[in-house]
Amino acid sequence: MTGYPPEGESQPPAADQGQFPPQGQFPPQGQYPPQGQYPPPPQGQFPPQGQYPPQKVRPGRVWYLLPLAVFVAGLVWLIVGITSLASTVDGLQRVPLPAGGTVNLSHSGGYTIYYEGQGAQSGNIPAFHINVTPASPGAAVSSLTRYGSTVTYNIGSHHGRAVLTLQVAKPGTFAVRPAGAPSGADLAFGGSIASGIVGIVLPSVPLIILGILGAVVLLIIRIVRKRSSRPRYA
C-alpha cells in the first residue's frame, strides 16, 4: 500500500510555497500596502480630494463685441450728425444788422430766421423789426411770425437763436430791411435745425446708452457665474 507522501518521508514545504505572503515579508505593523510602493496617480487625471475642475464661464468674452458695436454705432451717428449740423449752420445765408441785405430762397415753404449776436444764448435779444419783401419777379412771401419754441446753437464762431418763421409762397430773391436793429449782429436764414438736432440725438443717445448697459449686464452675469463656478472644497 502506497501513501503520499510515503510514510515517514513528510517534509516541510519548500520556502515560499503555500505561504502568503512569504515568511518574513509582512510589512511593518500598521502599514499596508508597504509605504512608498504604490505610485501616485498621474498628474492632471484626478482633481484634489473634494475639488471640482473649473467650468468655462458663459457668456464668453466674444459677446462683448455686440454691445461694443452698438455703442460705436451710436457714437459714429452722433459725430456724423454734429458734423452735418455744423455744415448746415455754416451754410445759412446771413444779413448784417443794421444794414440789411438780400437772401436767395430757392424753394417755397417754411424758413427759420436766427439771430446771431449778443444775448442770443441767454435770450436777452434787443427789440427790433424787420421787413422781408420780394426783390425778384415772381417771388412772394406768405407770412412772417415769431418762432414758437426755444432753439439755440453754439457751433464754432456762430452763436444763434431762432426768432422768426418765414413762409415763402414762391421762391426767389428777397430784401431784408431791419428797423431799430442793434449793430454787430446778423440775421441767418435757413431751414429749421431743430429737426436736425432731433435726428442726431434720438438715434445716437439711445444706442450709446444701450451699448453701455449691455456691457454692464454682461459683466455682471460673468461675475456671478464665475463666482458660482469657483472650485468647491468638501
# chains A, B, ... in the order shown; residues from 1 in each chain; ligands from 1
>>> residues_around(residues="segment 204-218 of chain A", least_positions_apart="5", cutoff="8 Å", atoms="only C-alpha atoms", output="count of residues only")
16
>>> closest_atom_pairs(of="segment 144-192 of chain A", to="segment 110-126 of chain A", cutoff="8 Å", atoms="only C-alpha atoms", output="CSV")
residue,atom,partner,partner_atom,distance
A:Tyr147,CA,A:Thr112,CA,7.8
A:Thr152,CA,A:Gln121,CA,6.5
A:Tyr153,CA,A:Gln121,CA,7.8
A:His158,CA,A:Glu116,CA,6.8
A:His159,CA,A:Glu116,CA,5.6
A:Gly160,CA,A:Glu116,CA,4.3
A:Arg161,CA,A:Tyr114,CA,5.2
A:Ala162,CA,A:Tyr114,CA,4.3
A:Val163,CA,A:Tyr114,CA,5.6
A:Leu164,CA,A:Ile113,CA,5.0
A:Thr165,CA,A:Thr112,CA,4.7
A:Leu166,CA,A:Tyr111,CA,5.0
A:Gln167,CA,A:Gly110,CA,4.5
A:Val168,CA,A:Gly110,CA,6.3
A:Ala181,CA,A:Pro126,CA,7.5
A:Pro182,CA,A:Pro126,CA,7.0
A:Gly184,CA,A:Gly117,CA,6.9
A:Ala185,CA,A:Gly117,CA,4.4
A:Asp186,CA,A:Glu116,CA,5.1
A:Leu187,CA,A:Tyr115,CA,5.0
A:Ala188,CA,A:Tyr114,CA,4.9
A:Phe189,CA,A:Ile113,CA,4.8
A:Gly190,CA,A:Tyr111,CA,5.5
A:Gly191,CA,A:Tyr111,CA,5.1
A:Ser192,CA,A:Thr112,CA,5.6
>>> write_last_selection(atoms="N, CA and C atoms", output="PDB file, in the first residue's frame")
ATOM      1  N   TYR A 147     -41.044 132.812 -33.804  1.00  0.00           N
ATOM      2  CA  TYR A 147     -40.742 131.378 -33.654  1.00  0.00           C
ATOM      3  C   TYR A 147     -41.352 130.878 -32.356  1.00  0.00           C
ATOM      4  N   THR A 152     -31.475 127.002 -29.824  1.00  0.00           N
ATOM      5  CA  THR A 152     -30.223 127.749 -29.876  1.00  0.00           C
ATOM      6  C   THR A 152     -29.119 126.839 -30.413  1.00  0.00           C
ATOM      7  N   TYR A 153     -28.045 127.454 -30.856  1.00  0.00           N
ATOM      8  CA  TYR A 153     -26.878 126.682 -31.287  1.00  0.00           C
ATOM      9  C   TYR A 153     -25.619 127.468 -30.954  1.00  0.00           C
ATOM     10  N   HIS A 158     -20.327 130.678 -34.541  1.00  0.00           N
ATOM     11  CA  HIS A 158     -21.742 131.044 -34.686  1.00  0.00           C
ATOM     12  C   HIS A 158     -22.503 130.704 -33.410  1.00  0.00           C
ATOM     13  N   HIS A 159     -23.151 131.718 -32.851  1.00  0.00           N
ATOM     14  CA  HIS A 159     -23.972 131.557 -31.650  1.00  0.00           C
ATOM     15  C   HIS A 159     -25.324 132.186 -31.966  1.00  0.00           C
ATOM     16  N   GLY A 160     -26.339 131.365 -32.107  1.00  0.00           N
ATOM     17  CA  GLY A 160     -27.622 131.909 -32.559  1.00  0.00           C
ATOM     18  C   GLY A 160     -28.819 131.354 -31.832  1.00  0.00           C
ATOM     19  N   ARG A 161     -29.941 132.007 -32.081  1.00  0.00           N
ATOM     20  CA  ARG A 161     -31.234 131.602 -31.517  1.00  0.00           C
ATOM     21  C   ARG A 161     -32.299 131.832 -32.576  1.00  0.00           C
ATOM     22  N   ALA A 162     -33.213 130.868 -32.708  1.00  0.00           N
ATOM     23  CA  ALA A 162     -34.320 131.021 -33.652  1.00  0.00           C
ATOM     24  C   ALA A 162     -35.294 132.069 -33.122  1.00  0.00           C
ATOM     25  N   VAL A 163     -35.635 133.075 -33.981  1.00  0.00           N
ATOM     26  CA  VAL A 163     -36.510 134.161 -33.534  1.00  0.00           C
ATOM     27  C   VAL A 163     -37.765 134.310 -34.395  1.00  0.00           C
ATOM     28  N   LEU A 164     -37.709 133.967 -35.677  1.00  0.00           N
ATOM     29  CA  LEU A 164     -38.838 134.182 -36.577  1.00  0.00           C
ATOM     30  C   LEU A 164     -39.005 133.001 -37.530  1.00  0.00           C
ATOM     31  N   THR A 165     -40.234 132.824 -37.994  1.00  0.00           N
ATOM     32  CA  THR A 165     -40.541 131.830 -39.019  1.00  0.00           C
ATOM     33  C   THR A 165     -41.072 132.555 -40.248  1.00  0.00           C
ATOM     34  N   LEU A 166     -40.470 132.283 -41.390  1.00  0.00           N
ATOM     35  CA  LEU A 166     -40.852 132.925 -42.649  1.00  0.00           C
ATOM     36  C   LEU A 166     -41.454 131.889 -43.584  1.00  0.00           C
ATOM     37  N   GLN A 167     -42.662 132.171 -44.060  1.00  0.00           N
ATOM     38  CA  GLN A 167     -43.317 131.304 -45.032  1.00  0.00           C
ATOM     39  C   GLN A 167     -43.203 131.941 -46.417  1.00  0.00           C
ATOM     40  N   VAL A 168     -42.595 131.217 -47.334  1.00  0.00           N
ATOM     41  CA  VAL A 168     -42.391 131.704 -48.698  1.00  0.00           C
ATOM     42  C   VAL A 168     -43.404 131.024 -49.621  1.00  0.00           C
ATOM     43  N   ALA A 181     -32.600 147.755 -35.385  1.00  0.00           N
ATOM     44  CA  ALA A 181     -31.793 146.583 -35.034  1.00  0.00           C
ATOM     45  C   ALA A 181     -30.445 147.005 -34.475  1.00  0.00           C
ATOM     46  N   PRO A 182     -29.905 146.231 -33.522  1.00  0.00           N
ATOM     47  CA  PRO A 182     -28.594 146.571 -32.957  1.00  0.00           C
ATOM     48  C   PRO A 182     -27.485 146.281 -33.964  1.00  0.00           C
ATOM     49  N   GLY A 184     -23.593 145.023 -35.045  1.00  0.00           N
ATOM     50  CA  GLY A 184     -22.691 143.940 -34.648  1.00  0.00           C
ATOM     51  C   GLY A 184     -23.358 142.594 -34.574  1.00  0.00           C
ATOM     52  N   ALA A 185     -24.537 142.434 -35.166  1.00  0.00           N
ATOM     53  CA  ALA A 185     -25.242 141.155 -35.153  1.00  0.00           C
ATOM     54  C   ALA A 185     -25.623 140.789 -36.582  1.00  0.00           C
ATOM     55  N   ASP A 186     -26.090 139.549 -36.749  1.00  0.00           N
ATOM     56  CA  ASP A 186     -26.525 139.061 -38.059  1.00  0.00           C
ATOM     57  C   ASP A 186     -27.879 138.384 -37.931  1.00  0.00           C
ATOM     58  N   LEU A 187     -28.608 138.372 -39.055  1.00  0.00           N
ATOM     59  CA  LEU A 187     -29.785 137.516 -39.188  1.00  0.00           C
ATOM     60  C   LEU A 187     -29.424 136.406 -40.173  1.00  0.00           C
ATOM     61  N   ALA A 188     -29.635 135.136 -39.753  1.00  0.00           N
ATOM     62  CA  ALA A 188     -29.307 133.982 -40.584  1.00  0.00           C
ATOM     63  C   ALA A 188     -30.589 133.317 -41.043  1.00  0.00           C
ATOM     64  N   PHE A 189     -30.678 133.004 -42.341  1.00  0.00           N
ATOM     65  CA  PHE A 189     -31.871 132.404 -42.939  1.00  0.00           C
ATOM     66  C   PHE A 189     -31.544 130.972 -43.379  1.00  0.00           C
ATOM     67  N   GLY A 190     -32.469 130.063 -43.072  1.00  0.00           N
ATOM     68  CA  GLY A 190     -32.279 128.675 -43.497  1.00  0.00           C
ATOM     69  C   GLY A 190     -33.368 127.785 -42.967  1.00  0.00           C
ATOM     70  N   GLY A 191     -33.164 126.485 -43.126  1.00  0.00           N
ATOM     71  CA  GLY A 191     -34.120 125.527 -42.615  1.00  0.00           C
ATOM     72  C   GLY A 191     -34.030 125.395 -41.101  1.00  0.00           C
ATOM     73  N   SER A 192     -35.006 124.727 -40.518  1.00  0.00           N
ATOM     74  CA  SER A 192     -35.016 124.525 -39.071  1.00  0.00           C
ATOM     75  C   SER A 192     -33.965 123.489 -38.677  1.00  0.00           C
TER      76      SER A 192
END
>>> residues_around(residues="Pro137 of chain A", least_positions_apart="5", cutoff="10 Å", atoms="only C-alpha atoms", output="list in words")
Lys170, Pro171, Gly172 and Thr173 of chain A
>>> write_last_selection(atoms="N, CA and C atoms", output="mmCIF file, in the first residue's frame")
data_model
loop_
_atom_site.group_PDB
_atom_site.id
_atom_site.type_symbol
_atom_site.label_atom_id
_atom_site.label_comp_id
_atom_site.auth_asym_id
_atom_site.auth_seq_id
_atom_site.Cartn_x
_atom_site.Cartn_y
_atom_site.Cartn_z
ATOM 1 N N LYS A 170 -43.643 131.763 -53.028
ATOM 2 C CA LYS A 170 -42.926 131.481 -54.266
ATOM 3 C C LYS A 170 -41.467 131.841 -54.066
ATOM 4 N N PRO A 171 -40.539 130.954 -54.461
ATOM 5 C CA PRO A 171 -39.116 131.216 -54.219
ATOM 6 C C PRO A 171 -38.584 132.356 -55.072
ATOM 7 N N GLY A 172 -37.441 132.854 -54.654
ATOM 8 C CA GLY A 172 -36.796 133.952 -55.372
ATOM 9 C C GLY A 172 -35.855 134.703 -54.459
ATOM 10 N N THR A 173 -35.571 135.951 -54.825
ATOM 11 C CA THR A 173 -34.707 136.812 -54.021
ATOM 12 C C THR A 173 -35.566 137.746 -53.189
#
>>> select_by_dssp(residues="segment 70-117 of chain A", states="helix (DSSP H, G or I)", output="ChimeraX atom specification")
/A:70-90
>>> closest_residue(among="A:Asn154, A:Ser195, A:Thr83, A:Ser108", to="Ala139 of chain A", atoms="only C-alpha atoms")
A:Ser108
>>> atom_distance(atom1="atom CA of Ile200 of chain A", atom2="atom CA of Gly81 of chain A")
5.2 Å
>>> select_by_dssp(residues="segment 111-179 of chain A", states="strand (DSSP E)", output="PyMOL selection string")
chain A and resi 111-116+129-134+140-146+152-155+158-170+172-179
>>> closest_residue(among="A:Ala169, A:Ala135, A:Ile82, A:Val62", to="Val198 of chain A", atoms="only C-alpha atoms")
A:Ile82
>>> residues_around(residues="Gly100 of chain A", least_positions_apart="5", cutoff="7 Å", atoms="only C-alpha atoms", output="list in words")
Val95, Val176, Arg177 and Pro178 of chain A
>>> atom_distance(atom1="atom CA of Val103 of chain A", atom2="atom CA of Val89 of chain A")
15.4 Å
>>> atom_distance(atom1="atom CA of Ser87 of chain A", atom2="atom CA of Ile197 of chain A")
12.8 Å
>>> closest_residue(among="A:Leu85, A:Ala194, A:Ala99, A:Val80", to="Thr150 of chain A", atoms="only C-alpha atoms")
A:Ala194
